[in-house]
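Colleague: Below is input-v1.cif; it holds mmCIF, C-alpha atoms and all ligand atoms.
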```cif
data_structure
loop_
_atom_site.label_atom_id
_atom_site.label_comp_id
_atom_site.auth_asym_id
_atom_site.auth_seq_id
_atom_site.Cartn_x
_atom_site.Cartn_y
_atom_site.Cartn_z
CA MET A 1 105.25 141.22 73.97
CA LYS A 2 102.23 140.03 72.01
CA ARG A 3 99.74 141.29 74.58
CA TYR A 4 101.04 144.85 74.39
CA GLN A 5 101.33 144.74 70.63
CA ASP A 6 97.65 143.76 70.40
CA GLU A 7 96.72 146.55 72.80
CA ARG A 8 98.63 149.05 70.69
CA GLU A 9 96.84 147.85 67.56
CA ARG A 10 93.47 148.39 69.26
CA MET A 11 94.57 151.75 70.66
CA VAL A 12 95.43 152.96 67.16
CA THR A 13 92.24 151.66 65.58
CA TYR A 14 89.69 152.74 68.17
CA GLN A 15 91.22 155.76 69.90
CA ILE A 16 93.24 157.33 67.10
CA ALA A 17 92.21 156.36 63.55
CA ASN A 18 88.51 156.32 64.48
CA ARG A 19 88.79 159.89 65.73
CA GLY A 20 90.15 161.15 62.46
CA ILE A 21 93.95 160.87 62.56
CA GLU A 22 94.86 159.93 58.99
CA ASP A 23 98.60 160.40 58.60
CA GLU A 24 99.81 156.83 58.02
CA ARG A 25 103.30 157.66 59.32
CA VAL A 26 101.82 158.84 62.61
CA LEU A 27 99.58 155.75 62.90
CA GLU A 28 102.52 153.45 62.17
CA THR A 29 104.65 155.21 64.79
CA MET A 30 101.90 154.93 67.42
CA ARG A 31 101.68 151.21 66.58
CA SER A 32 105.39 150.67 67.07
CA VAL A 33 106.56 152.67 70.12
CA PRO A 34 106.15 150.59 73.33
CA ARG A 35 104.25 153.12 75.50
CA HIS A 36 104.12 150.62 78.40
CA LEU A 37 107.90 150.81 78.80
CA PHE A 38 107.75 154.54 79.55
CA VAL A 39 105.64 154.10 82.70
CA SER A 40 106.22 152.38 86.02
CA GLN A 41 105.41 148.74 86.65
CA GLU A 42 102.31 149.61 88.73
CA VAL A 43 100.48 151.37 85.90
CA ARG A 44 101.89 149.35 83.02
CA GLY A 45 98.69 147.32 82.57
CA ASN A 46 96.84 150.57 81.76
CA ALA A 47 99.44 151.99 79.41
CA TYR A 48 97.19 151.72 76.35
CA ALA A 49 94.00 152.98 77.96
CA ASP A 50 92.19 156.02 76.54
CA ASN A 51 93.54 158.48 79.12
CA PRO A 52 96.69 160.19 80.39
CA ILE A 53 99.00 158.12 82.64
CA LYS A 54 100.77 159.25 85.77
CA ILE A 55 104.55 159.36 85.80
CA ALA A 56 106.85 160.64 88.58
CA GLY A 57 106.74 164.17 90.02
CA GLY A 58 102.96 164.65 89.66
CA GLN A 59 103.33 164.70 85.86
CA THR A 60 101.47 162.77 83.17
CA ILE A 61 101.97 161.36 79.69
CA SER A 62 99.17 162.67 77.49
CA GLN A 63 96.32 160.47 76.33
CA PRO A 64 97.35 158.49 73.20
CA TYR A 65 94.93 160.44 70.98
CA ILE A 66 96.43 163.79 72.06
CA VAL A 67 99.98 162.53 71.40
CA ALA A 68 98.89 161.41 67.93
CA LEU A 69 96.98 164.62 67.21
CA MET A 70 99.87 166.89 68.23
CA THR A 71 102.27 164.76 66.20
CA GLU A 72 100.03 164.92 63.13
CA LEU A 73 99.59 168.70 63.49
CA LEU A 74 103.37 169.08 63.75
CA ASP A 75 103.86 167.37 60.35
CA VAL A 76 107.35 166.00 61.05
CA HIS A 77 109.70 164.80 58.30
CA PRO A 78 113.08 163.04 58.30
CA GLU A 79 115.04 166.21 57.48
CA HIS A 80 113.67 168.04 60.53
CA ARG A 81 115.38 169.08 63.70
CA VAL A 82 112.78 169.02 66.47
CA LEU A 83 112.55 170.53 69.95
CA ASP A 84 110.32 168.68 72.45
CA VAL A 85 109.55 170.76 75.56
CA GLY A 86 108.63 168.76 78.69
CA THR A 87 110.38 165.40 78.23
CA GLY A 88 108.45 163.72 81.07
CA SER A 89 108.77 159.98 80.42
CA GLY A 90 110.37 160.46 77.00
CA TYR A 91 107.43 158.84 75.17
CA GLN A 92 106.59 161.83 72.97
CA ALA A 93 110.30 162.31 72.21
CA ALA A 94 110.47 158.69 71.01
CA ILE A 95 107.45 159.21 68.75
CA LEU A 96 109.09 162.32 67.29
CA ALA A 97 112.43 160.54 66.81
CA GLU A 98 110.70 157.90 64.67
CA LEU A 99 109.71 160.67 62.25
CA ALA A 100 112.48 163.29 62.51
CA GLY A 101 116.20 163.51 61.93
CA GLU A 102 117.21 164.90 65.30
CA VAL A 103 115.28 165.52 68.52
CA HIS A 104 116.25 167.77 71.42
CA SER A 105 114.04 167.29 74.43
CA ILE A 106 114.16 169.56 77.47
CA GLU A 107 112.83 168.81 80.97
CA ARG A 108 112.96 170.95 84.12
CA HIS A 109 113.01 168.03 86.59
CA PRO A 110 116.48 166.43 86.60
CA GLU A 111 115.15 163.07 87.88
CA LEU A 112 112.55 162.83 85.11
CA ALA A 113 115.22 163.73 82.54
CA ARG A 114 117.50 161.02 83.92
CA THR A 115 114.83 158.31 83.84
CA ALA A 116 113.73 159.33 80.33
CA ARG A 117 117.33 159.23 79.11
CA GLU A 118 117.73 155.70 80.53
CA THR A 119 114.50 154.48 78.94
CA LEU A 120 115.38 155.99 75.57
CA GLU A 121 118.89 154.57 75.66
CA SER A 122 117.64 151.10 76.57
CA LEU A 123 115.31 151.23 73.55
CA GLY A 124 118.15 152.30 71.27
CA TYR A 125 117.08 155.87 70.47
CA GLN A 126 120.30 157.61 69.54
CA ARG A 127 118.96 160.69 67.81
CA ILE A 128 117.38 162.13 70.97
CA LYS A 129 119.32 164.43 73.27
CA VAL A 130 117.67 165.06 76.65
CA HIS A 131 118.57 168.37 78.33
CA VAL A 132 117.71 169.74 81.76
CA GLY A 133 116.45 173.32 81.90
CA ASP A 134 113.61 175.77 81.46
CA GLY A 135 112.10 174.90 78.09
CA SER A 136 109.85 177.99 78.20
CA GLN A 137 113.05 179.63 76.93
CA GLY A 138 113.52 176.93 74.29
CA TYR A 139 116.95 175.38 73.98
CA PRO A 140 119.18 177.99 72.27
CA PRO A 141 122.34 175.86 71.70
CA ALA A 142 120.64 173.70 69.04
CA ALA A 143 118.29 176.35 67.57
CA PRO A 144 116.75 176.98 65.12
CA TYR A 145 114.21 174.15 64.98
CA ASP A 146 111.98 173.09 62.11
CA ARG A 147 109.42 171.81 64.56
CA ILE A 148 108.68 172.52 68.24
CA LEU A 149 106.20 170.62 70.40
CA VAL A 150 105.31 171.69 73.95
CA ALA A 151 103.61 169.19 76.25
CA ALA A 152 102.84 171.61 79.09
CA ALA A 153 100.45 174.56 79.09
CA ALA A 154 101.68 178.13 78.75
CA PRO A 155 99.66 181.27 79.62
CA ALA A 156 100.73 182.70 76.24
CA VAL A 157 103.01 181.53 73.46
CA PRO A 158 106.62 182.00 74.69
CA GLN A 159 108.48 184.51 72.49
CA ALA A 160 111.71 182.48 72.78
CA LEU A 161 110.02 179.55 71.05
CA LEU A 162 108.90 181.72 68.14
CA ASP A 163 112.43 183.17 67.96
CA GLN A 164 113.88 179.65 67.70
CA LEU A 165 111.49 178.53 64.96
CA ALA A 166 113.19 178.24 61.55
CA PRO A 167 111.55 179.73 58.44
CA GLY A 168 108.90 177.24 57.33
CA GLY A 169 108.76 176.01 60.92
CA ARG A 170 105.81 174.88 63.00
CA LEU A 171 105.10 175.01 66.72
CA VAL A 172 102.30 173.07 68.46
CA LEU A 173 101.41 173.88 72.07
CA PRO A 174 98.56 174.23 74.57
CA VAL A 175 97.87 177.87 75.50
CA GLY A 176 95.45 179.32 78.02
CA PRO A 177 94.47 179.54 81.68
CA ARG A 178 95.77 177.06 84.20
CA TYR A 179 93.00 174.45 83.96
CA SER A 180 91.74 174.74 80.37
CA GLN A 181 93.63 175.51 77.21
CA GLN A 182 93.42 175.41 73.43
CA LEU A 183 95.83 173.52 71.25
CA GLU A 184 97.51 176.12 69.02
CA VAL A 185 99.52 175.66 65.84
CA TRP A 186 101.97 178.43 64.94
CA GLN A 187 103.68 178.65 61.56
CA HIS A 188 106.66 180.75 60.53
CA ILE A 189 106.04 181.75 56.91
CA ASP A 190 107.66 184.64 55.03
CA ASP A 191 108.90 186.42 58.16
CA GLN A 192 105.44 186.22 59.72
CA PHE A 193 103.91 184.07 62.40
CA THR A 194 100.41 182.74 61.91
CA ARG A 195 98.33 181.03 64.56
CA SER A 196 95.46 178.57 64.25
CA VAL A 197 93.47 177.07 67.07
CA ASN A 198 92.67 173.38 67.18
CA ILE A 199 90.76 171.76 70.08
CA PRO A 200 90.27 172.46 73.81
CA VAL A 201 92.73 170.51 75.98
CA VAL A 202 93.96 170.27 79.58
CA PHE A 203 97.70 170.00 80.22
CA VAL A 204 99.94 170.23 83.28
CA PRO A 205 101.44 173.72 83.59
CA LEU A 206 104.62 174.88 81.90
CA ILE A 207 106.61 176.18 84.87
CA GLY A 208 109.26 178.77 84.08
CA GLU A 209 110.15 182.23 82.94
CA ALA A 210 107.60 182.30 80.11
CA GLY A 211 105.28 179.89 81.90
CA TRP A 212 103.65 179.77 85.33
CA ASP A 213 105.28 180.32 88.72
CA ASP A 214 106.29 177.21 90.60
N1 LIG A 301 105.84 164.66 76.81
C1 LIG A 301 105.88 163.92 78.05
C2 LIG A 301 104.81 164.34 79.04
C3 LIG A 301 104.92 165.72 79.44
S1 LIG A 301 104.16 166.18 80.96
C4 LIG A 301 105.81 162.44 77.82
O1 LIG A 301 105.66 162.01 76.68
O2 LIG A 301 105.94 161.70 78.79
C5 LIG A 301 104.85 167.80 80.99
C6 LIG A 301 106.30 167.83 81.37
O3 LIG A 301 106.74 169.18 81.24
C7 LIG A 301 106.56 167.44 82.82
O4 LIG A 301 107.52 166.43 82.87
C8 LIG A 301 107.08 168.74 83.45
O5 LIG A 301 108.06 168.53 84.45
C9 LIG A 301 107.69 169.43 82.24
N2 LIG A 301 107.86 170.87 82.34
C10 LIG A 301 107.04 171.79 82.90
N3 LIG A 301 107.53 173.04 82.74
C11 LIG A 301 108.71 172.89 82.04
C12 LIG A 301 109.68 173.81 81.56
N4 LIG A 301 109.58 175.13 81.74
N5 LIG A 301 110.74 173.30 80.89
C13 LIG A 301 110.87 171.97 80.69
N6 LIG A 301 109.98 171.07 81.13
C14 LIG A 301 108.90 171.52 81.79
#
```
Before we go any further, please render this structure as structure tokens.

Modeller:
Amino acid sequence: MKRYQDERERMVTYQIANRGIEDERVLETMRSVPRHLFVSQEVRGNAYADNPIKIAGGQTISQPYIVALMTELLDVHPEHRVLDVGTGSGYQAAILAELAGEVHSIERHPELARTARETLESLGYQRIKVHVGDGSQGYPPAAPYDRILVAAAAPAVPQALLDQLAPGGRLVLPVGPRYSQQLEVWQHIDDQFTRSVNIPVVFVPLIGEAGWDD
């Protein structure tokens, strides 16, 4: 729909490009994925606003700028196999699938996983597999991954995710206390893991063995 396309254009210009996201592939992807179709009818009119949006189960889709920033930091290319932890609505998985070869997305809430799968199928995304489980342990059957993105906050970087990161791989995730975290970028280079810290963020908690208690 023209209205939503215009809103996406404005979202990319004012919220994303203006704040310093430069990767043209990321900007193009944010312009093309219909964010409004990943949320319920009631909040659809606000889908392109400069804030997170509520989805089912007390969860949220991150603010557009944060989705774009994490995607840019992840530096995804067509030859990559990607793990997306915390499927939620499936929006971030769709963004990743536009840039990667194969996306595995894991969600702990079966109902959220089911809805996301339906949305993604209806939009024709065939290279995304949605799994149900505790993503704080990664998703071993499809490991290793060239890229891993976590959209829920962990108290510390989960060892399983580092273990499932291929050589040359990158992991982007929020780490820190329950109500305030830092966005961290981990790289697997020459048998070593390096960490750099990006910006302060607030995410819903990663609940699981290497996350927080339910
Ligand atoms: N990326 C999503 C938004 C994520 S919100 C989107 O684009 O819509 C964070 C999601 O992480 C929630 O859906 C929550 O249920 C899920 N989650 C929390 N802990 C998890 C875990 N251990 N494994 C998998 N998913 C988890």

Colleague: Counting all atoms listed in the file, what residues are within 8 Å of ligand LIG 301 (chain A), given as number ranges by chain?

Modeller: A: 38, 55, 57, 59-62, 67, 84-93, 106-109, 112, 132-137, 150-152, 203-211

Colleague: Using all atoms listed in the file, determine which residues lie at most 10 Å from Thr71 in chain A, disregarding the query and same-chain residues fewer than 5 positions distant; provide the list as an mmCIF file with C-alpha atoms, in the frame of the given file.

Modeller:
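What ended up in around_19.cif:
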```cif
data_model
loop_
_atom_site.group_PDB
_atom_site.id
_atom_site.type_symbol
_atom_site.label_atom_id
_atom_site.label_comp_id
_atom_site.auth_asym_id
_atom_site.auth_seq_id
_atom_site.Cartn_x
_atom_site.Cartn_y
_atom_site.Cartn_z
ATOM 1 C CA ILE A 21 93.950 160.870 62.560
ATOM 2 C CA ASP A 23 98.600 160.400 58.600
ATOM 3 C CA ARG A 25 103.300 157.660 59.320
ATOM 4 C CA VAL A 26 101.820 158.840 62.610
ATOM 5 C CA LEU A 27 99.580 155.750 62.900
ATOM 6 C CA THR A 29 104.650 155.210 64.790
ATOM 7 C CA MET A 30 101.900 154.930 67.420
ATOM 8 C CA TYR A 65 94.930 160.440 70.980
ATOM 9 C CA ILE A 66 96.430 163.790 72.060
ATOM 10 C CA VAL A 76 107.350 166.000 61.050
ATOM 11 C CA GLN A 92 106.590 161.830 72.970
ATOM 12 C CA ILE A 95 107.450 159.210 68.750
ATOM 13 C CA LEU A 96 109.090 162.320 67.290
ATOM 14 C CA LEU A 99 109.710 160.670 62.250
ATOM 15 C CA LEU A 149 106.200 170.620 70.400
ATOM 16 C CA VAL A 172 102.300 173.070 68.460
#
```

Colleague: What box, with edges along x, y and z, holds each listed atom of range 89-101 of chain A when 5 Å is added on every side, and can you state its centre and edge lengths in Å to one decimal, as lines of an AutoDock Vina configuration file?

Modeller:
```
center_x = 111.4
center_y = 160.7
center_z = 71.2
size_x = 19.6
size_y = 15.6
size_z = 28.5
```

Colleague: Using all atoms listed in the file for the distances, tell me which of A:Ala156, A:Leu74, A:Ala56, A:Ala142 is nearest to Gly169 in chain A.

Modeller: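 Ranked by minimum distance to Gly169 in chain A, first place goes to A:Leu74.
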
Colleague: For the atom pair CA of Pro167 in chain A and CA of His80 in chain A, what is the interatomic distance in Å to one decimal place?

Modeller: 12.1 Å

Colleague: Grab the CA of Tyr145 in chain A to CA of Lys129 in chain A distance for me, in Å with one decimal place.

Modeller: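 Taking CA of Tyr145 in chain A as the start and CA of Lys129 in chain A as the end point, the length is 13.8 Å.
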
Colleague: Which is closer to Ile53 in chain A than all the others in A:Leu69, A:Arg35, A:Glu118, A:Arg10, using only C-alpha atoms?

Modeller: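 Among the listed residues, A:Arg35 lies closest to Ile53 in chain A.
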
Colleague: Let me make sure I understand: among A:Ala97, A:Ala49, A:Val103, A:Ile148, which one has the smallest atom-to-atom distance to Val33 in chain A if we use all atoms listed in the file?

Modeller: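 Ranked by minimum distance to Val33 in chain A, first place goes to A:Ala97.
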
Colleague: So, with all atoms listed in the file as the atoms that count, which of A:Ala17, A:Ala68, A:Ala143, A:Leu73 lies closest to Val197 in chain A?

Modeller: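 The answer is A:Leu73, which sits nearest to Val197 in chain A.
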
Colleague: Which neighbours of Gln63 in chain A fall inside 7 Å, counting only C-alpha atoms, when residues of the same chain fewer than 5 positions from it are skipped, and could you give them as a list in words?

Modeller: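 Using only C-alpha atoms, the neighbours found are Asp50, Asn51 and Pro52 of chain A.
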
Colleague: Please produce an output containing C-alpha atoms for each residue in the selection, written as a short mmCIF file (atom, residue, chain, number, x, y, z; two decimals), in the frame of the given file.

Modeller:
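Final output, part.cif:
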```
data_model
loop_
_atom_site.label_atom_id
_atom_site.label_comp_id
_atom_site.auth_asym_id
_atom_site.auth_seq_id
_atom_site.Cartn_x
_atom_site.Cartn_y
_atom_site.Cartn_z
CA ASP A 50 92.19 156.02 76.54
CA ASN A 51 93.54 158.48 79.12
CA PRO A 52 96.69 160.19 80.39
#
```

Colleague: Record the distance separating CA of Val157 in chain A and CA of Gln181 in chain A, expressed in Å with one decimal.

Modeller: 11.8 Å

Colleague: Can you write range 124-156 of chain A from the block above with N, CA and C atoms, as an mmCIF file, in the first residue's frame?

Modeller:
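The new file part-v8.cif reads:
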```
data_model
loop_
_atom_site.group_PDB
_atom_site.id
_atom_site.type_symbol
_atom_site.label_atom_id
_atom_site.label_comp_id
_atom_site.auth_asym_id
_atom_site.auth_seq_id
_atom_site.Cartn_x
_atom_site.Cartn_y
_atom_site.Cartn_z
ATOM 1 N N GLY A 124 6.096 -15.029 1.542
ATOM 2 C CA GLY A 124 6.939 -15.746 0.589
ATOM 3 C C GLY A 124 8.389 -15.972 1.004
ATOM 4 N N TYR A 125 8.689 -15.805 2.306
ATOM 5 C CA TYR A 125 10.062 -16.059 2.762
ATOM 6 C C TYR A 125 10.291 -17.556 2.918
ATOM 7 N N GLN A 126 11.099 -18.113 2.027
ATOM 8 C CA GLN A 126 11.305 -19.559 2.072
ATOM 9 C C GLN A 126 12.628 -19.947 2.693
ATOM 10 N N ARG A 127 13.516 -18.981 2.860
ATOM 11 C CA ARG A 127 14.835 -19.323 3.395
ATOM 12 C C ARG A 127 14.926 -19.114 4.900
ATOM 13 N N ILE A 128 13.761 -18.980 5.558
ATOM 14 C CA ILE A 128 13.753 -18.834 7.018
ATOM 15 C C ILE A 128 13.111 -20.062 7.635
ATOM 16 N N LYS A 129 13.808 -20.696 8.568
ATOM 17 C CA LYS A 129 13.224 -21.797 9.329
ATOM 18 C C LYS A 129 13.004 -21.295 10.747
ATOM 19 N N VAL A 130 11.766 -21.389 11.238
ATOM 20 C CA VAL A 130 11.466 -20.959 12.604
ATOM 21 C C VAL A 130 11.421 -22.194 13.506
ATOM 22 N N HIS A 131 12.182 -22.168 14.594
ATOM 23 C CA HIS A 131 12.242 -23.286 15.535
ATOM 24 C C HIS A 131 11.729 -22.834 16.894
ATOM 25 N N VAL A 132 11.213 -23.786 17.671
ATOM 26 C CA VAL A 132 10.782 -23.470 19.031
ATOM 27 C C VAL A 132 11.812 -24.048 19.990
ATOM 28 N N GLY A 133 12.292 -23.228 20.920
ATOM 29 C CA GLY A 133 13.256 -23.738 21.895
ATOM 30 C C GLY A 133 13.950 -22.611 22.628
ATOM 31 N N ASP A 134 14.927 -22.996 23.451
ATOM 32 C CA ASP A 134 15.698 -22.042 24.235
ATOM 33 C C ASP A 134 16.918 -21.585 23.435
ATOM 34 N N GLY A 135 16.788 -20.434 22.814
ATOM 35 C CA GLY A 135 17.866 -19.902 21.978
ATOM 36 C C GLY A 135 19.081 -19.435 22.762
ATOM 37 N N SER A 136 19.001 -19.399 24.110
ATOM 38 C CA SER A 136 20.221 -19.070 24.866
ATOM 39 C C SER A 136 21.237 -20.199 24.716
ATOM 40 N N GLN A 137 20.762 -21.341 24.205
ATOM 41 C CA GLN A 137 21.649 -22.464 23.902
ATOM 42 C C GLN A 137 21.931 -22.546 22.396
ATOM 43 N N GLY A 138 21.554 -21.501 21.671
ATOM 44 C CA GLY A 138 21.729 -21.507 20.217
ATOM 45 C C GLY A 138 20.757 -22.481 19.576
ATOM 46 N N TYR A 139 21.122 -22.961 18.399
ATOM 47 C CA TYR A 139 20.323 -24.001 17.747
ATOM 48 C C TYR A 139 21.330 -24.961 17.109
ATOM 49 N N PRO A 140 21.785 -25.974 17.898
ATOM 50 C CA PRO A 140 22.890 -26.830 17.463
ATOM 51 C C PRO A 140 22.678 -27.556 16.125
ATOM 52 N N PRO A 141 21.461 -28.020 15.770
ATOM 53 C CA PRO A 141 21.341 -28.807 14.540
ATOM 54 C C PRO A 141 21.820 -28.097 13.271
ATOM 55 N N ALA A 142 21.759 -26.781 13.222
ATOM 56 C CA ALA A 142 22.175 -26.082 11.999
ATOM 57 C C ALA A 142 23.506 -25.341 12.177
ATOM 58 N N ALA A 143 24.148 -25.493 13.337
ATOM 59 C CA ALA A 143 25.415 -24.785 13.596
ATOM 60 C C ALA A 143 26.528 -25.398 12.736
ATOM 61 N N PRO A 144 27.607 -24.673 12.447
ATOM 62 C CA PRO A 144 27.900 -23.316 12.926
ATOM 63 C C PRO A 144 27.242 -22.231 12.065
ATOM 64 N N TYR A 145 27.208 -21.031 12.623
ATOM 65 C CA TYR A 145 26.602 -19.878 11.946
ATOM 66 C C TYR A 145 27.670 -18.819 11.644
ATOM 67 N N ASP A 146 27.505 -18.171 10.500
ATOM 68 C CA ASP A 146 28.407 -17.066 10.160
ATOM 69 C C ASP A 146 28.019 -15.808 10.926
ATOM 70 N N ARG A 147 26.731 -15.724 11.220
ATOM 71 C CA ARG A 147 26.228 -14.544 11.918
ATOM 72 C C ARG A 147 25.166 -14.977 12.918
ATOM 73 N N ILE A 148 25.179 -14.356 14.107
ATOM 74 C CA ILE A 148 24.133 -14.617 15.109
ATOM 75 C C ILE A 148 23.654 -13.270 15.651
ATOM 76 N N LEU A 149 22.335 -13.100 15.693
ATOM 77 C CA LEU A 149 21.751 -11.880 16.245
ATOM 78 C C LEU A 149 20.796 -12.285 17.362
ATOM 79 N N VAL A 150 20.896 -11.633 18.502
ATOM 80 C CA VAL A 150 20.016 -11.941 19.632
ATOM 81 C C VAL A 150 19.200 -10.695 19.950
ATOM 82 N N ALA A 151 17.861 -10.856 19.969
ATOM 83 C CA ALA A 151 16.990 -9.695 20.185
ATOM 84 C C ALA A 151 16.381 -9.705 21.582
ATOM 85 N N ALA A 152 17.084 -10.314 22.542
ATOM 86 C CA ALA A 152 16.643 -10.298 23.934
ATOM 87 C C ALA A 152 17.913 -10.226 24.766
ATOM 88 N N ALA A 153 17.792 -9.597 25.959
ATOM 89 C CA ALA A 153 19.001 -9.267 26.716
ATOM 90 C C ALA A 153 19.474 -10.394 27.614
ATOM 91 N N ALA A 154 20.765 -10.699 27.523
ATOM 92 C CA ALA A 154 21.381 -11.739 28.342
ATOM 93 C C ALA A 154 22.221 -11.093 29.446
ATOM 94 N N PRO A 155 22.315 -11.759 30.617
ATOM 95 C CA PRO A 155 23.162 -11.235 31.692
ATOM 96 C C PRO A 155 24.647 -11.261 31.308
ATOM 97 N N ALA A 156 25.011 -12.233 30.466
ATOM 98 C CA ALA A 156 26.387 -12.341 29.960
ATOM 99 C C ALA A 156 26.291 -13.061 28.631
#
```
